[in-house]
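Peer 1: Please find one structure pasted underneath; my questions will follow.
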Amino acid sequence: MNIHEYQGKQIFARYGIPISKGYPAFTVEEAEAAAKKLIAETGSEVVVIKAQIHAGGRGKGGGVKVAKGLAAAKEHASKILGMQLVTHQTTAAGQKVRRLYVEQGQDIKRELYLGMVVDREKRRVAVMASTEGGVEIEHVAETSPEKIITEHIDPLLGMAAFQARKIAYALKIGEGSPDPKKSVAQFVKTLMALGELFVKEDCSLCEVNPLIVTSTGDIVALDAKLNLDENAEARHPEWAALRDVDEEDPVELEAKKTGLSYVSLEGNIGCLVNGAGLAMSTMDIIKHYGGEPANFLDVGGGANKEQVTKAFKMILSSDKVKGIFVNIFGGIMKCDIIAEGVVSATKELGLKVPLVVRLEGTNVEEGKKILQSSGLAIQAADNMGDGARKIVALVKGAS
Amino acid sequence: MSVLVGKETKVVFQGITGSAGSFHAAQCIAYGTDVVAGVTPNRGGETFEAKGPTGQAVKLPVYDTVAEAVKLAGANTSCIFVPPLGAADAILESLDAGCNLVVCITEGIPVMDMIRVRRALESSKARLIGPNCPGIITPGSCKIGIMPGHIHRPGKIGVVSKSGTLTYEAVGQLTALGLGQSTCIGIGGDPVGGLDFIDCLKLFNEDEGTEAVIMMGEIGGNAEIDAAHWIKANMKKPVAGFIAGGTAPAGKRMGHAGAIISGGKGTAAEKIAALQAAGVKVAPTPAELGVTLKSLL
């Protein structure tokens, strides 16, 4: 689960991580009021208007503007709010900006990169830092991997101060600072706090890009990108308020509420499968035979009739779907439950496109009987390859 | 012959009184697995009733702790059906109690919990399978998990996979071709878990009862590439493979928490290339898992 920069910074503040003063705004008026407040509080005319969308690369896309004075701040806010912001992480259509963050300006001396991720190979949280702040870390990793400093956190000991110091000296935090000792101390404190935050808040990623050293030698987190581990949602009731449904695919969101795993794709063959690996493989085999999958849909192991019905309805109601392939290898999932769900959804919405069903495993005979006696125009498949070939041929024949 | 589990395996089910736990404990008992006890905190003293392979009544003691199940019922292996937020603690409990194998079926455990579990495993001799996996089966003698037992046949093919239903697909195809399985291990699709591909390949490499291995991986992470390097250097037996997710878009989680292409890394294409370079025969489609392996024998 992704959250906005301003929400991430509110969490940062709770852990004592230094951030700029700032206020979220949902309207131009609120943005103007926020800028006015900031100018009064900081005594500086410089404020930054930042688009709040979940995708990165906002600055390059024109979603972050520095304004001098209230009038300029208002003008930028009115331009950014409501715009379709296109970045390298959004679709070509971009993401509509519905929220702003108005922040005090900073006198930046140096920009650094700081990131924390779960390192799957080491099975630990990795802290990565680089002097190349403001640049995409993937780019640094490719062109100059030696510039990335990495430390792994022992889950029992937590981030150790010496590790934070190692990173601080490798980045030469003190260089150019009027008070190098202060800068190092602030950096170490910030890193220790981030380490604690990452674990306690159940993050899967935390990026501060850039982390800056100001002209006074102070350390400030100028950005905050947090991804939260959805598996931990049940122990974080506060996350409900952080979720921004405008930033999520409505169909995927609806699927999640029903306990299904769904990803929209570009093609026209809808798939209903049990199990993530088989669902991915089903997409692959459709493509192999010259078709294009419209979605990834895993109904999971223990789905009931209602969930299957819901899942099948989601596929049926999509305009782009020109054919459907149901591919089930029942283990815990019983084939008759799948068949009942398919029949019940079809009765409600009708079946206007070809449907190929492959059933295997637990209660397969019962499942086949339900489909046969339903009177629906269903093509049965003997196996996965047979089913994929059939649906691709049917969809191609119809178009 | 087989790896990790067999006739000597004595299983305790953690979470045996829950709906999934009780259903699958009964299924495993019916398959012939030597299930010796169940554990659910605050339910100690109850009895779990099921039917064995010949329909005979089986009555198992339910304990409050795994330690009791090990001490009083002789359990050496644990199978976990505990809800996600309690599952990591359940794994730690079975390690502490002295189980030498822990099979965790639970899906949805927070990754931070699994990082702590991995740390605990460093100072333990026990092995963990999963989480978020179908479990492990040595056909004809021991099934621990949720896989449909009837599709398996005893034989000489080792199966290791990140995905449950894709494993069934492979097993179904193998069995249909008359190829039985020595042991099938579902290692799960989480970013941080227990045994990985290399651990399982090592076991199969040394198992006299295994002639060839089929491994099914998927997008995300590096495990299949590391396995490819290991195979090239060490594997004495033929290996067939498959990688799911060739058509998956980057940056999207495909069901499994670990199945995501991030930063252009972990694609099916790079994994397939690595496996092929290591001499693994990669099935062109998931409908050809069985025949691909058969062509190696």
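To be explicit about the labels: the chains of the structure tokens are called A, B, and onward in the order shown, and within each one the residues are counted from 1, while ligands get numbers from 1 in the order they are shown.
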Residues of chain A near chain B: apply a cut-off of 6 Å, count only C-alpha atoms, and supply the list as a ChimeraX atom specification.

Peer 2: /A:120,123-124,155,231-232,261,275-278,280-281,284-285,331,384-385

Peer 1: For N, CA and C atoms, I'd like the residues from the last selection saved as a PDB file, in the first residue's frame.

Peer 2:
```
ATOM      1  N   ARG A 120      15.515  -9.429  -0.180  1.00  0.00           N
ATOM      2  CA  ARG A 120      15.009 -10.805  -0.179  1.00  0.00           C
ATOM      3  C   ARG A 120      16.120 -11.829  -0.071  1.00  0.00           C
ATOM      4  N   ARG A 123      17.478 -11.614   3.476  1.00  0.00           N
ATOM      5  CA  ARG A 123      16.398 -11.765   4.441  1.00  0.00           C
ATOM      6  C   ARG A 123      16.504 -10.764   5.583  1.00  0.00           C
ATOM      7  N   ARG A 124      16.901  -9.556   5.219  1.00  0.00           N
ATOM      8  CA  ARG A 124      17.000  -8.491   6.212  1.00  0.00           C
ATOM      9  C   ARG A 124      16.610  -7.167   5.571  1.00  0.00           C
ATOM     10  N   PRO A 155      17.667  -7.968  12.648  1.00  0.00           N
ATOM     11  CA  PRO A 155      16.322  -7.746  13.188  1.00  0.00           C
ATOM     12  C   PRO A 155      16.253  -7.817  14.709  1.00  0.00           C
ATOM     13  N   ASN A 231       0.209  -7.059   4.288  1.00  0.00           N
ATOM     14  CA  ASN A 231      -0.005  -8.202   5.182  1.00  0.00           C
ATOM     15  C   ASN A 231      -0.126  -7.754   6.641  1.00  0.00           C
ATOM     16  N   ALA A 232       0.386  -6.563   6.956  1.00  0.00           N
ATOM     17  CA  ALA A 232       0.379  -6.104   8.345  1.00  0.00           C
ATOM     18  C   ALA A 232      -0.792  -5.171   8.625  1.00  0.00           C
ATOM     19  N   SER A 261      -7.578 -11.602  -5.750  1.00  0.00           N
ATOM     20  CA  SER A 261      -6.388 -10.913  -6.216  1.00  0.00           C
ATOM     21  C   SER A 261      -6.550 -10.677  -7.714  1.00  0.00           C
ATOM     22  N   GLY A 275      -5.133 -19.882  -7.599  1.00  0.00           N
ATOM     23  CA  GLY A 275      -3.699 -19.935  -7.319  1.00  0.00           C
ATOM     24  C   GLY A 275      -2.931 -18.939  -8.166  1.00  0.00           C
ATOM     25  N   ALA A 276      -1.982 -18.237  -7.538  1.00  0.00           N
ATOM     26  CA  ALA A 276      -1.255 -17.168  -8.229  1.00  0.00           C
ATOM     27  C   ALA A 276      -0.356 -17.705  -9.341  1.00  0.00           C
ATOM     28  N   GLY A 277       0.342 -18.797  -9.070  1.00  0.00           N
ATOM     29  CA  GLY A 277       1.271 -19.346 -10.060  1.00  0.00           C
ATOM     30  C   GLY A 277       0.526 -19.857 -11.290  1.00  0.00           C
ATOM     31  N   LEU A 278      -0.586 -20.552 -11.043  1.00  0.00           N
ATOM     32  CA  LEU A 278      -1.378 -21.066 -12.160  1.00  0.00           C
ATOM     33  C   LEU A 278      -2.025 -19.903 -12.918  1.00  0.00           C
ATOM     34  N   MET A 280      -0.813 -16.845 -13.290  1.00  0.00           N
ATOM     35  CA  MET A 280       0.233 -16.252 -14.135  1.00  0.00           C
ATOM     36  C   MET A 280       0.511 -17.157 -15.335  1.00  0.00           C
ATOM     37  N   SER A 281       0.593 -18.470 -15.084  1.00  0.00           N
ATOM     38  CA  SER A 281       0.869 -19.419 -16.162  1.00  0.00           C
ATOM     39  C   SER A 281      -0.235 -19.422 -17.204  1.00  0.00           C
ATOM     40  N   ASP A 284       0.335 -16.637 -19.419  1.00  0.00           N
ATOM     41  CA  ASP A 284       1.474 -16.966 -20.286  1.00  0.00           C
ATOM     42  C   ASP A 284       1.063 -17.869 -21.449  1.00  0.00           C
ATOM     43  N   ILE A 285       0.225 -18.870 -21.146  1.00  0.00           N
ATOM     44  CA  ILE A 285      -0.108 -19.840 -22.199  1.00  0.00           C
ATOM     45  C   ILE A 285      -1.083 -19.229 -23.208  1.00  0.00           C
ATOM     46  N   GLY A 331      -7.684 -28.006  -5.464  1.00  0.00           N
ATOM     47  CA  GLY A 331      -7.026 -28.685  -4.360  1.00  0.00           C
ATOM     48  C   GLY A 331      -7.976 -28.517  -3.202  1.00  0.00           C
ATOM     49  N   MET A 384      -4.991 -27.691 -19.852  1.00  0.00           N
ATOM     50  CA  MET A 384      -4.684 -26.277 -19.921  1.00  0.00           C
ATOM     51  C   MET A 384      -4.327 -25.825 -21.345  1.00  0.00           C
ATOM     52  N   GLY A 385      -3.517 -26.633 -22.037  1.00  0.00           N
ATOM     53  CA  GLY A 385      -3.104 -26.271 -23.389  1.00  0.00           C
ATOM     54  C   GLY A 385      -4.291 -26.270 -24.343  1.00  0.00           C
TER      55      GLY A 385
END
```

Peer 1: Which residues in stretch 230-326 of chain A does DSSP call strand (DSSP E)? List them as a list in words.

Peer 2: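 In stretch 230-326 of chain A, DSSP puts these residues in strand (DSSP E): Ser261, Tyr262, Val263, Ser264, Ile269, Gly270, Cys271, Leu272, Val273, Asn295, Phe296, Leu297, Asp298, Gly323, Ile324, Phe325 and Val326 of chain A.
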
Peer 1: Nearest residue to B:Asn132 out of A:Gly300, A:Ala345, A:Ser215, A:Thr150, using only C-alpha atoms?

Peer 2: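 Of A:Gly300, A:Ala345, A:Ser215, A:Thr150, the one nearest B:Asn132, counting only C-alpha atoms, is A:Gly300.
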
Peer 1: Please identify all polymer residues within 9 Å of A:Glu32, counting only C-alpha atoms, omitting same-chain residues fewer than 6 positions from it, and present them as a PyMOL selection string.

Peer 2: chain A and resi 25+70-71+73-74+77+102

Peer 1: As an exercise, work out the distance from atom CA of A:Leu100 to atom CA of A:Val46 in Å and give it to one decimal place.

Peer 2: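 If I compute the distance from atom CA of A:Leu100 to atom CA of A:Val46, I get 16.1 Å.
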
Peer 1: Mind checking which residues fall within 12 Å of B:Gly98, counting only C-alpha atoms, ignoring those fewer than 5 positions away in the same chain, and posting them as a tab-separated table (two decimals) with C-alpha atoms, in the first residue's frame?

Peer 2:
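part-v5.tsv, written as the output of this step:
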```
chain	number	residue	atom	x	y	z
B	12	VAL	CA	1.59	-31.89	15.27
B	66	VAL	CA	3.84	-27.42	21.08
B	67	ALA	CA	6.30	-28.35	23.84
B	68	GLU	CA	3.68	-30.71	25.28
B	69	ALA	CA	2.97	-32.20	21.85
B	70	VAL	CA	6.68	-32.95	21.41
B	71	LYS	CA	7.18	-34.28	24.92
B	74	GLY	CA	6.50	-37.51	20.26
B	75	ALA	CA	5.92	-34.94	17.51
B	76	ASN	CA	9.01	-34.05	15.45
B	77	THR	CA	7.36	-31.96	12.75
B	78	SER	CA	4.87	-29.15	12.93
B	91	ILE	CA	6.86	-21.00	14.02
B	92	LEU	CA	9.09	-19.75	16.84
B	93	GLU	CA	7.19	-21.95	19.29
B	121	LEU	CA	16.38	-20.09	12.18
B	124	SER	CA	18.39	-23.57	14.94
B	125	LYS	CA	18.91	-26.89	13.22
B	126	ALA	CA	15.28	-27.00	12.18
B	127	ARG	CA	14.08	-26.39	8.65
```

Peer 1: Would you list the contacts of A:Asp246 as a tab-separated table (two decimals) with N, CA and C atoms, in the first residue's frame, taking every protein, DNA or RNA residue within 9 Å and counting only C-alpha atoms, but skipping same-chain residues closer than 3 positions in sequence?

Peer 2:
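For reference, result.tsv as written:
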```
chain	number	residue	atom	x	y	z
A	96	LYS	N	-4.56	12.27	-12.03
A	96	LYS	CA	-5.16	13.57	-11.67
A	96	LYS	C	-4.69	13.98	-10.27
A	98	ARG	N	-5.24	15.62	-6.93
A	98	ARG	CA	-6.39	16.00	-6.10
A	98	ARG	C	-5.97	16.58	-4.76
A	243	ARG	N	-5.29	5.41	3.32
A	243	ARG	CA	-5.56	4.89	1.98
A	243	ARG	C	-6.26	5.93	1.13
A	249	ASP	N	-6.67	1.45	-8.71
A	249	ASP	CA	-7.55	0.94	-9.76
A	249	ASP	C	-8.86	0.48	-9.10
A	250	PRO	N	-10.01	1.07	-9.51
A	250	PRO	CA	-11.26	0.75	-8.82
A	250	PRO	C	-11.62	-0.74	-8.88
```

Peer 1: Using only C-alpha atoms, which protein or nucleic acid residues come within 9 Å of A:Val97? Drop anything in the same chain fewer than 5 positions from it, and give the result as a list in words.

Peer 2: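 Near A:Val97, the qualifying residues are Ala51, Gln52, Ile53, Gly63, Ile80, Leu81, Gly82, Met83, Gln84 and Leu85 of chain A.
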
Peer 1: Can you tell me, as a ChimeraX atom specification, what residues are no more than 6 Å from A:Asn274 when counting only C-alpha atoms, ignoring any on the same chain fewer than 2 positions away?

Peer 2: /A:298-300,328
